[in-house]
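Here's the structure, in structure tokens; my notes come after.
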Amino acid sequence: MKRFVAFAAAVSMLFVLTGCNSLSLWLTERDEQALEKLYQEISQTAQSAESFEITDESGNVLLTQEDLEHVEMMWQSNGDDTYPIVLLTFDRDGAEKFKNATADNMGRELKILLDDEEVFSAVVNAVIGDGQAVLSGEKIATQEQAMELAVRIESTME
């Protein structure tokens with residue numbers, strides 16, 4: 001099983017809030033088995049992708065899979081609500097490119113494309129200089145949707 005989902009989610013997990021937007025997870029052996037089964041099912045059915053691109057509204061390619069270091073499906077907490085996210089971590093060059101992309105596109109939309117198909121978009125509302133992008137929203141509202149997107153993005157890195 002890929003490590004990005006090892007502690008990311010489970011059907012019946014115990015979680016404890018450890019601070020603002022922070023979540024610690026403890027998985028039982030049963031939870032890990034359920035997660036492994038879900039990961040295997042999604043890995044077998046998810047369409048793999050050849051290319052990953054982040055583009056601006058004009059279609060200019062700003063980042064590619066060469067800029068990715070890690071992809072992870074996680075849970076994020078916001079008050080009483082906990083929801084799945086996909087966390088993209090960029091390498092050093094990718095982090096700088098992403099910082100510039102967010103600075104240059106403030107108030108405009110950036111899109112994520114897999115094999116030229118838009119799978120996610122978001123309006124930039126801040127310069128992001130920490131080298132990470134958090135994907136959340138309607139298109140990844142469930143654990144399965146988030147895991148499938150993470151698996152598909154990760155497939156471009158192989």
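Identifiers in this document derive from the order of the structure tokens: chains are assigned A, B, ..., residues are numbered from 1 separately in each chain, and ligands are numbered from 1 in order of occurrence.
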Report as a tab-separated table: every residue of segment 80-102 of chain A with an atom at most 8 Å from segment 48-67 of chain A, its closest pair of atoms, and their distance in Å to one decimal, counting only C-alpha atoms, with rows sorted by chain and ascending residue number.
```
residue	atom	partner	partner_atom	distance
A:Phe90	CA	A:Asp67	CA	5.6
A:Asp91	CA	A:Asp67	CA	5.7
A:Asp93	CA	A:Asp67	CA	6.7
A:Gly94	CA	A:Asp67	CA	4.4
A:Ala95	CA	A:Asp67	CA	7.8
A:Lys97	CA	A:Leu63	CA	6.9
A:Phe98	CA	A:Leu63	CA	7.3
A:Ala101	CA	A:Leu62	CA	6.7
```
Restrict the selected residues to all heavy atoms and save them as a short mmCIF file (atom, residue, chain, number, x, y, z; two decimals), in the first residue's frame.
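The file below, out_16.cif, is the result:
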```cif
data_model
loop_
_atom_site.label_atom_id
_atom_site.label_comp_id
_atom_site.auth_asym_id
_atom_site.auth_seq_id
_atom_site.Cartn_x
_atom_site.Cartn_y
_atom_site.Cartn_z
N PHE A 90 5.18 20.29 -3.09
CA PHE A 90 6.06 20.52 -4.22
C PHE A 90 7.51 20.45 -3.79
O PHE A 90 7.85 20.74 -2.64
CB PHE A 90 5.77 21.89 -4.84
CG PHE A 90 4.35 22.03 -5.33
CD1 PHE A 90 3.42 22.74 -4.60
CD2 PHE A 90 3.95 21.44 -6.52
CE1 PHE A 90 2.10 22.86 -5.03
CE2 PHE A 90 2.64 21.55 -6.96
CZ PHE A 90 1.72 22.26 -6.21
N ASP A 91 8.40 20.10 -4.73
CA ASP A 91 9.82 20.14 -4.45
C ASP A 91 10.27 21.60 -4.38
O ASP A 91 9.45 22.52 -4.52
CB ASP A 91 10.62 19.33 -5.48
CG ASP A 91 10.52 19.86 -6.90
OD1 ASP A 91 10.13 21.04 -7.11
OD2 ASP A 91 10.83 19.09 -7.83
N ASP A 93 11.98 23.65 -6.37
CA ASP A 93 11.67 24.45 -7.56
C ASP A 93 10.16 24.63 -7.72
O ASP A 93 9.68 25.71 -8.05
CB ASP A 93 12.24 23.80 -8.83
CG ASP A 93 13.76 23.86 -8.88
OD1 ASP A 93 14.35 24.72 -8.20
OD2 ASP A 93 14.35 23.04 -9.61
N GLY A 94 9.42 23.55 -7.48
CA GLY A 94 7.97 23.61 -7.58
C GLY A 94 7.36 24.56 -6.57
O GLY A 94 6.40 25.28 -6.87
N ALA A 95 7.92 24.58 -5.36
CA ALA A 95 7.42 25.49 -4.33
C ALA A 95 7.58 26.94 -4.76
O ALA A 95 6.68 27.77 -4.57
CB ALA A 95 8.15 25.24 -3.01
N LYS A 97 7.82 27.99 -7.92
CA LYS A 97 6.89 28.19 -9.03
C LYS A 97 5.46 28.40 -8.52
O LYS A 97 4.73 29.24 -9.03
CB LYS A 97 6.91 26.99 -9.98
CG LYS A 97 8.16 26.86 -10.82
CD LYS A 97 8.04 25.61 -11.68
CE LYS A 97 9.31 25.28 -12.41
NZ LYS A 97 9.18 24.04 -13.21
N PHE A 98 5.07 27.60 -7.51
CA PHE A 98 3.72 27.71 -6.97
C PHE A 98 3.52 29.04 -6.26
O PHE A 98 2.48 29.68 -6.39
CB PHE A 98 3.41 26.53 -6.03
CG PHE A 98 1.96 26.44 -5.66
CD1 PHE A 98 0.98 26.23 -6.62
CD2 PHE A 98 1.57 26.55 -4.34
CE1 PHE A 98 -0.36 26.15 -6.27
CE2 PHE A 98 0.23 26.47 -3.98
CZ PHE A 98 -0.73 26.26 -4.95
N ALA A 101 3.09 31.49 -8.99
CA ALA A 101 1.80 31.28 -9.64
C ALA A 101 0.67 31.89 -8.82
O ALA A 101 -0.23 32.53 -9.37
CB ALA A 101 1.55 29.79 -9.86
#
```
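The coordinates place atom CA of Glu118 of chain A at 14.8 Å from atom CA of Ser136 of chain A.
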All strand (DSSP E or B) positions in segment 25-156 of chain A, as a PyMOL selection string:
chain A and resi 25-26+52-55+61-64+68-78+81-90+106+109-114+117-124+132-135
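Take the candidates A:Asn100, A:Asn105, A:Ser121, A:Thr156 and check each one against Ile140 of chain A using only C-alpha atoms; the shortest distance goes to A:Ser121.
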Could you produce a table of the residues of segment 22-107 of chain A lying within 6 Å of segment 126-135 of chain A, with the nearest pair of atoms per residue and their separation in Å rounded to one decimal, using only C-alpha atoms, ordered by chain and increasing residue number, as JSON lines?
```
{"residue": "A:Ile85", "atom": "CA", "partner": "A:Leu135", "partner_atom": "CA", "distance": 5.5}
{"residue": "A:Val86", "atom": "CA", "partner": "A:Leu135", "partner_atom": "CA", "distance": 5.0}
{"residue": "A:Leu87", "atom": "CA", "partner": "A:Val134", "partner_atom": "CA", "distance": 4.7}
{"residue": "A:Leu88", "atom": "CA", "partner": "A:Ala133", "partner_atom": "CA", "distance": 5.1}
{"residue": "A:Thr89", "atom": "CA", "partner": "A:Gln132", "partner_atom": "CA", "distance": 4.5}
{"residue": "A:Phe90", "atom": "CA", "partner": "A:Gly131", "partner_atom": "CA", "distance": 5.3}
{"residue": "A:Ala95", "atom": "CA", "partner": "A:Gly131", "partner_atom": "CA", "distance": 4.0}
{"residue": "A:Lys99", "atom": "CA", "partner": "A:Gly129", "partner_atom": "CA", "distance": 4.8}
{"residue": "A:Thr102", "atom": "CA", "partner": "A:Val127", "partner_atom": "CA", "distance": 5.0}
{"residue": "A:Ala103", "atom": "CA", "partner": "A:Val127", "partner_atom": "CA", "distance": 5.0}
```
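The interatomic distance for the pair atom CA of Val151 of chain A and atom CA of Val71 of chain A works out to 8.2 Å.
When only C-alpha atoms are used to measure the gap to Gln40 of chain A, the shortest distance among A:Asp81, A:Glu158, A:Asp104, A:Glu144 belongs to A:Glu144.
When atom CA of Thr142 of chain A is paired with atom CA of Arg108 of chain A, their separation reads 26.1 Å.
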